[in-house]
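*Asks:* Can you read through this structure? Questions will come right after.
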Amino acid sequence: MILSTLLMALRELRRNTLRSLLTMLGIVIGVGAVIALTNIGEGATARVKADIGKLGDNLLIVRPGAQRRSISFTQAPAFKLADVEAIRREVSGVSQVAPTAGSSQLAVWGNQNRQTTIMGADNAYLEVRGYSVAQGRTFAASELSSGSAACLIGATVQREMFGERDALGQSVRVGKISCTVVGVLASKGESGIGQDQDDMILMPLRTVQRRLLGNSDVSTIFLSARADRSTQSVEQQTEALLRQRRGLQAGQESDFMVRDMQEVAETMSQATGTLTALLGAIAAVSLLVGGIGIMNIMLVNVTERTREIGVRLAIGALASDVLFQFLLEAVVLSAFGGVLGIGLGLGLSWSVTRALGLPFLVKPPILMLAFGFSAMVGVLFGFLPARKAASLNPIEALRHE
Amino acid sequence: MSFAVQDAAVVEFRNLSKVYGSGDAEVRALDGVSMRIERGEFVAIMGASGSGKSTAMNIIGCLDVPTGGEYLFCGVGVGGLDADQRARLRRHYIGFVFQGFNLLAKTSALDNVELPLVYRRIPKQERKERARSALESVGLASRIRHVPSELSGGQQQRVAIARALVTEPSLLLADEPTGNLDSATKREIMQLLLQLNHERGITIAMVTHEPDMAEYAQRIVQFRDGRIQVAEAAE
């Protein structure tokens, strides 16, 4: 009975293919939007989490300048190596401290030149940020302490300046210094905010400070907390220590900031989550509109087919048979719309995630939920027309022209 | 629902009346009608419009219920049955043929004929077989795949008769079955009904306003102002 009613419903819908498709359109767009948005949202969230994981799990970044706009980055005094030493000495739970200083400079090799980030750092920086050496080696202790002109190049610099050629042992001129490439870093790809993390040249901190910038400033300090310690405690200790060293009074705003990357990660995934929920709500509204469209067409259907309903009742259909038939037609419409919508959503999110380079994540529970929801829309909005059909008086329905 | 009363009349009205409205607006569509249609009979029901013949037909077909008196279908009172019980009764014991054929459009003859069996929850295989043999019995064995728009009026009415017969009903109720047909086809359809009545012993009640169609029946029941005027033998 269910099968033959289903076949009957399909036949009815095929009888007026264009109308059926147009009726479904609301559901198709609604479900498609839900699937596309949640998929893209999932992909973006996963990407942000992965990127921040790439940055380092227990990473803290310390920078001069305030979080508020009142003290600009340039106004705030830079850190000195003594600050770094103090952190190393006094903050408990720190596993690595990596002071850095950098600037954007033109690097030249042969007839190739490239504007890139020159970063002064030591080997701890590689560890804290999760870089690994693909070719060559890291800095030797003597290179670090003497401030010699050795450098490690990022994967982008290798590709753009050297192509397939071996960069090891080559001399790259940066500003007034000519440094020898001792290693090539493995690619880390783009960061969460779309920054190329491989577009840089790394030199010993001392080399950058003395020979490139002509000062002893440390612009950014990267800290990694020990796995068994909370980043929060390290953050608080560091903040307190630096405030004291910079002579800040209680109540005075810090002219530097300590950022916990885990917090950033949570904030970002929270933001994408909120966005997904918001877009999902908009999509739900379009599902509602789609449902009303189905109700509208089913009511028209019932009026148009009054005579047919009369015949069905006369030849022995129960009111419940007629109710079931029209309800099933509405559900077939909306469920089929749901399936088309899922297809549309998957196609859309696939192309968008591909275009944005995000991971394409399909969550079967969401697909099932979308399908169930669209079928439910059919039941909800099909019920009223179906009840109208079932409550027709067979005599009057037969007389209907 | 069991119809054990084998020797009862298929249709029996006992002082049956149907009143619409109340007070001054009261309309007595049927006013104390008593009649019987025996098993195997072919009865024509005639009357001008407003005579009560349509009301009588609706009550015979269990589409409507009387407001007074008693209606026994095969010996069982219909008065107390609710809409669903009457639908079940129609499904099992009454076949309908309408003036406008009332076939489902864009649906093959076979699918149209098997529809009543679908509502009786008959398995698909049996449904197809019975629908096919019903179409054969009305001479449309070669047209089972055709949809109504591909069939002539007479052929459509034959499909409708097959649809009424497929459930092997106790009563075939025809409402102006020839009303939409030309005179040659009218005779063809009447011959078919006559043949079904003679050869298969099917009880037929036919509402018509055409005297020459009523001539085919064994008996004519004439309605006038809600009462039966005369019952005369046609043969």
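Chain identifiers are assigned as A, B, and so on, following the order in which chains appear in the structure tokens; residues are numbered from 1 within each chain, and ligands are numbered from 1 in order of appearance.
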Identify all chain B residues at most 7 Å from chain A by counting only C-alpha atoms; ligands do not count. Present them as a PDB file with C-alpha atoms, in the first residue's frame.
*Replies:*
ATOM      1  CA  LEU B  63     -22.150   8.092  -0.397  1.00  0.00           C
ATOM      2  CA  ASP B  84     -15.020   5.075   6.776  1.00  0.00           C
ATOM      3  CA  ALA B  87     -16.077   3.607   2.242  1.00  0.00           C
ATOM      4  CA  ARG B  88     -15.124   0.039   3.131  1.00  0.00           C
ATOM      5  CA  ARG B  90     -18.230   0.658  -1.284  1.00  0.00           C
ATOM      6  CA  ARG B  91     -14.754  -0.695  -1.718  1.00  0.00           C
ATOM      7  CA  GLY B  95     -18.863  -0.512  -8.368  1.00  0.00           C
ATOM      8  CA  PHE B  96     -19.382   3.027  -9.690  1.00  0.00           C
ATOM      9  CA  ASN B 102     -13.795  10.056 -14.193  1.00  0.00           C
ATOM     10  CA  LEU B 104      -7.310   9.378 -13.805  1.00  0.00           C
ATOM     11  CA  PRO B 116      -9.927   0.027  -6.366  1.00  0.00           C
ATOM     12  CA  VAL B 118      -4.989  -0.828  -4.471  1.00  0.00           C
ATOM     13  CA  TYR B 119      -7.368   0.502  -1.823  1.00  0.00           C
ATOM     14  CA  ARG B 121      -4.607  -3.834  -0.370  1.00  0.00           C
TER      15      ARG B 121
END
*Asks:* Residues of range 207-335 of chain A in alpha helix (DSSP H) according to DSSP, as JSON, numbers by chain?
*Replies:* {"A": [207, 231, 232, 233, 234, 235, 236, 237, 238, 239, 240, 241, 242, 243, 244, 245, 261, 262, 263, 264, 265, 266, 267, 268, 269, 270, 271, 272, 273, 274, 275, 276, 277, 278, 279, 280, 281, 282, 283, 284, 285, 286, 287, 288, 289, 290, 291, 292, 293, 294, 295, 296, 297, 298, 299, 300, 301, 302, 303, 304, 306, 307, 308, 309, 310, 311, 312, 313, 314, 319, 320, 321, 322, 323, 324, 325, 326, 327, 328, 329, 330, 331, 332, 333, 334, 335]}
*Asks:* Would you save the residues of that selection, restricted to C-alpha atoms, as a tab-separated table (two decimals), in the first residue's frame?
*Replies:*
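Saved result, out10.tsv, follows:
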chain	number	residue	atom	x	y	z
A	207	THR	CA	73.58	39.60	12.71
A	231	THR	CA	49.95	28.81	29.16
A	232	GLN	CA	47.87	31.06	31.36
A	233	SER	CA	50.31	30.94	34.27
A	234	VAL	CA	53.24	31.64	31.93
A	235	GLU	CA	51.28	34.51	30.38
A	236	GLN	CA	50.57	36.07	33.77
A	237	GLN	CA	54.13	35.71	35.04
A	238	THR	CA	55.57	37.16	31.86
A	239	GLU	CA	53.19	40.07	31.94
A	240	ALA	CA	54.03	40.85	35.57
A	241	LEU	CA	57.74	40.54	34.99
A	242	LEU	CA	57.78	42.79	31.94
A	243	ARG	CA	55.58	45.40	33.61
A	244	GLN	CA	58.04	45.54	36.46
A	245	ARG	CA	61.03	45.76	34.14
A	261	MET	CA	47.71	31.44	20.55
A	262	GLN	CA	45.35	28.88	22.04
A	263	GLU	CA	43.07	31.70	23.11
A	264	VAL	CA	43.30	33.17	19.63
A	265	ALA	CA	42.39	29.79	18.18
A	266	GLU	CA	39.36	29.50	20.42
A	267	THR	CA	38.24	33.02	19.64
A	268	MET	CA	38.56	32.43	15.93
A	269	SER	CA	36.69	29.14	15.91
A	270	GLN	CA	34.05	30.74	18.10
A	271	ALA	CA	33.70	33.52	15.58
A	272	THR	CA	33.35	31.13	12.66
A	273	GLY	CA	30.90	29.06	14.74
A	274	THR	CA	28.74	32.12	15.36
A	275	LEU	CA	28.86	33.01	11.70
A	276	THR	CA	27.84	29.47	10.74
A	277	ALA	CA	24.93	29.56	13.17
A	278	LEU	CA	23.79	32.91	11.84
A	279	LEU	CA	23.91	31.80	8.22
A	280	GLY	CA	22.22	28.55	9.23
A	281	ALA	CA	19.35	30.56	10.71
A	282	ILE	CA	18.96	32.48	7.45
A	283	ALA	CA	18.94	29.18	5.58
A	284	ALA	CA	16.28	27.86	7.96
A	285	VAL	CA	14.09	30.81	7.06
A	286	SER	CA	14.39	29.95	3.38
A	287	LEU	CA	13.39	26.36	4.26
A	288	LEU	CA	10.32	27.78	5.93
A	289	VAL	CA	9.52	29.81	2.83
A	290	GLY	CA	10.03	26.66	0.76
A	291	GLY	CA	7.58	24.84	3.00
A	292	ILE	CA	4.98	27.53	2.52
A	293	GLY	CA	5.51	27.21	-1.25
A	294	ILE	CA	4.78	23.51	-0.98
A	295	MET	CA	1.66	24.16	1.05
A	296	ASN	CA	0.47	26.68	-1.51
A	297	ILE	CA	0.92	24.31	-4.44
A	298	MET	CA	-0.62	21.40	-2.57
A	299	LEU	CA	-3.70	23.50	-1.81
A	300	VAL	CA	-3.97	24.35	-5.51
A	301	ASN	CA	-3.50	20.67	-6.25
A	302	VAL	CA	-6.32	19.64	-3.95
A	303	THR	CA	-8.69	22.14	-5.56
A	304	GLU	CA	-7.71	21.08	-9.06
A	306	THR	CA	-11.31	17.65	-6.27
A	307	ARG	CA	-13.11	15.45	-8.79
A	308	GLU	CA	-10.38	12.88	-8.72
A	309	ILE	CA	-10.56	12.83	-4.93
A	310	GLY	CA	-14.32	12.29	-5.25
A	311	VAL	CA	-13.73	9.31	-7.53
A	312	ARG	CA	-11.16	7.86	-5.19
A	313	LEU	CA	-13.52	8.19	-2.23
A	314	ALA	CA	-16.41	6.68	-4.25
A	319	ALA	CA	-10.35	9.50	4.17
A	320	SER	CA	-7.06	8.31	5.66
A	321	ASP	CA	-5.99	6.89	2.27
A	322	VAL	CA	-6.54	10.27	0.66
A	323	LEU	CA	-4.82	12.07	3.53
A	324	PHE	CA	-1.86	9.73	3.25
A	325	GLN	CA	-1.67	10.16	-0.50
A	326	PHE	CA	-1.54	13.94	-0.42
A	327	LEU	CA	0.76	14.00	2.57
A	328	LEU	CA	3.09	11.63	0.77
A	329	GLU	CA	3.06	13.84	-2.31
A	330	ALA	CA	4.11	16.81	-0.20
A	331	VAL	CA	6.79	14.77	1.55
A	332	VAL	CA	8.10	13.38	-1.75
A	333	LEU	CA	8.29	16.95	-3.06
A	334	SER	CA	10.14	18.27	-0.06
A	335	ALA	CA	12.36	15.22	0.44
*Asks:* DSSP on the backbone: what in range 97-197 of chain A comes out strand (DSSP E), as an NGL selection string?
*Replies:* :A and (97-109 or 112-121 or 133-136 or 150-153 or 171-174 or 177-185)
*Asks:* Within 12 Å of range 76-91 of chain A, which residues of range 190-213 of chain A show up? Give each one with its shortest atom-to-atom distance in Å (one decimal) and the two atoms involved, counting only C-alpha atoms, rows by chain then rising residue number, as a tab-separated table.
*Replies:*
residue	atom	partner	partner_atom	distance
A:Leu205	CA	A:Leu81	CA	10.1
A:Arg206	CA	A:Leu81	CA	10.2
A:Gln209	CA	A:Lys80	CA	10.8
*Asks:* Choose the residue, out of A:Gly163, A:Gly120, A:Gly345, A:Gly189, that has the smallest atom-to-atom separation from Gly102 in chain A; count only C-alpha atoms.
*Replies:*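 Smallest separation from Gly102 in chain A among the options: A:Gly120.
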*Asks:* Quick one: distance from CA of Gly153 in chain B to CA of Ala184 in chain B in Å, one decimal?
*Replies:*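 Rounded to one decimal, the two atoms are 11.3 Å apart.
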*Asks:* Select, from B:Leu89, B:Ala44, B:Ile94, B:Ala164, the residue with the minimum atom-to-atom distance to Met190 in chain B, counting only C-alpha atoms.
*Replies:*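 So, comparing all the options, the nearest one is B:Ala44.
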*Asks:* So that I can see what lies close to Gly47 in chain B, please list as a list of chain:residue names the residues with an atom at most 12 Å from it, counting only C-alpha atoms and leaving out residues fewer than 3 positions away in the same chain.
*Replies:*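 Result of the neighbour search: B:Ala44, B:Gly50, B:Ser51, B:Gly52, B:Lys53, B:Ser54, B:Thr55, B:Ala56, B:Met57, B:Glu176, B:Met206, B:Val207, B:Thr208, B:His209, B:Glu210, B:Pro211, B:Ala214, B:Ile220, B:Val221, B:Gln222, B:Phe223, B:Arg224, B:Asp225, B:Gly226, B:Arg227, B:Ile228, B:Gln229, B:Val230, B:Ala231.
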*Asks:* Pick the closest to Asp111 in chain B from B:His92, B:Arg200, B:Arg163, B:Arg158: which is it, counting only C-alpha atoms?
*Replies:*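 The answer is B:Arg163, which sits nearest to Asp111 in chain B.
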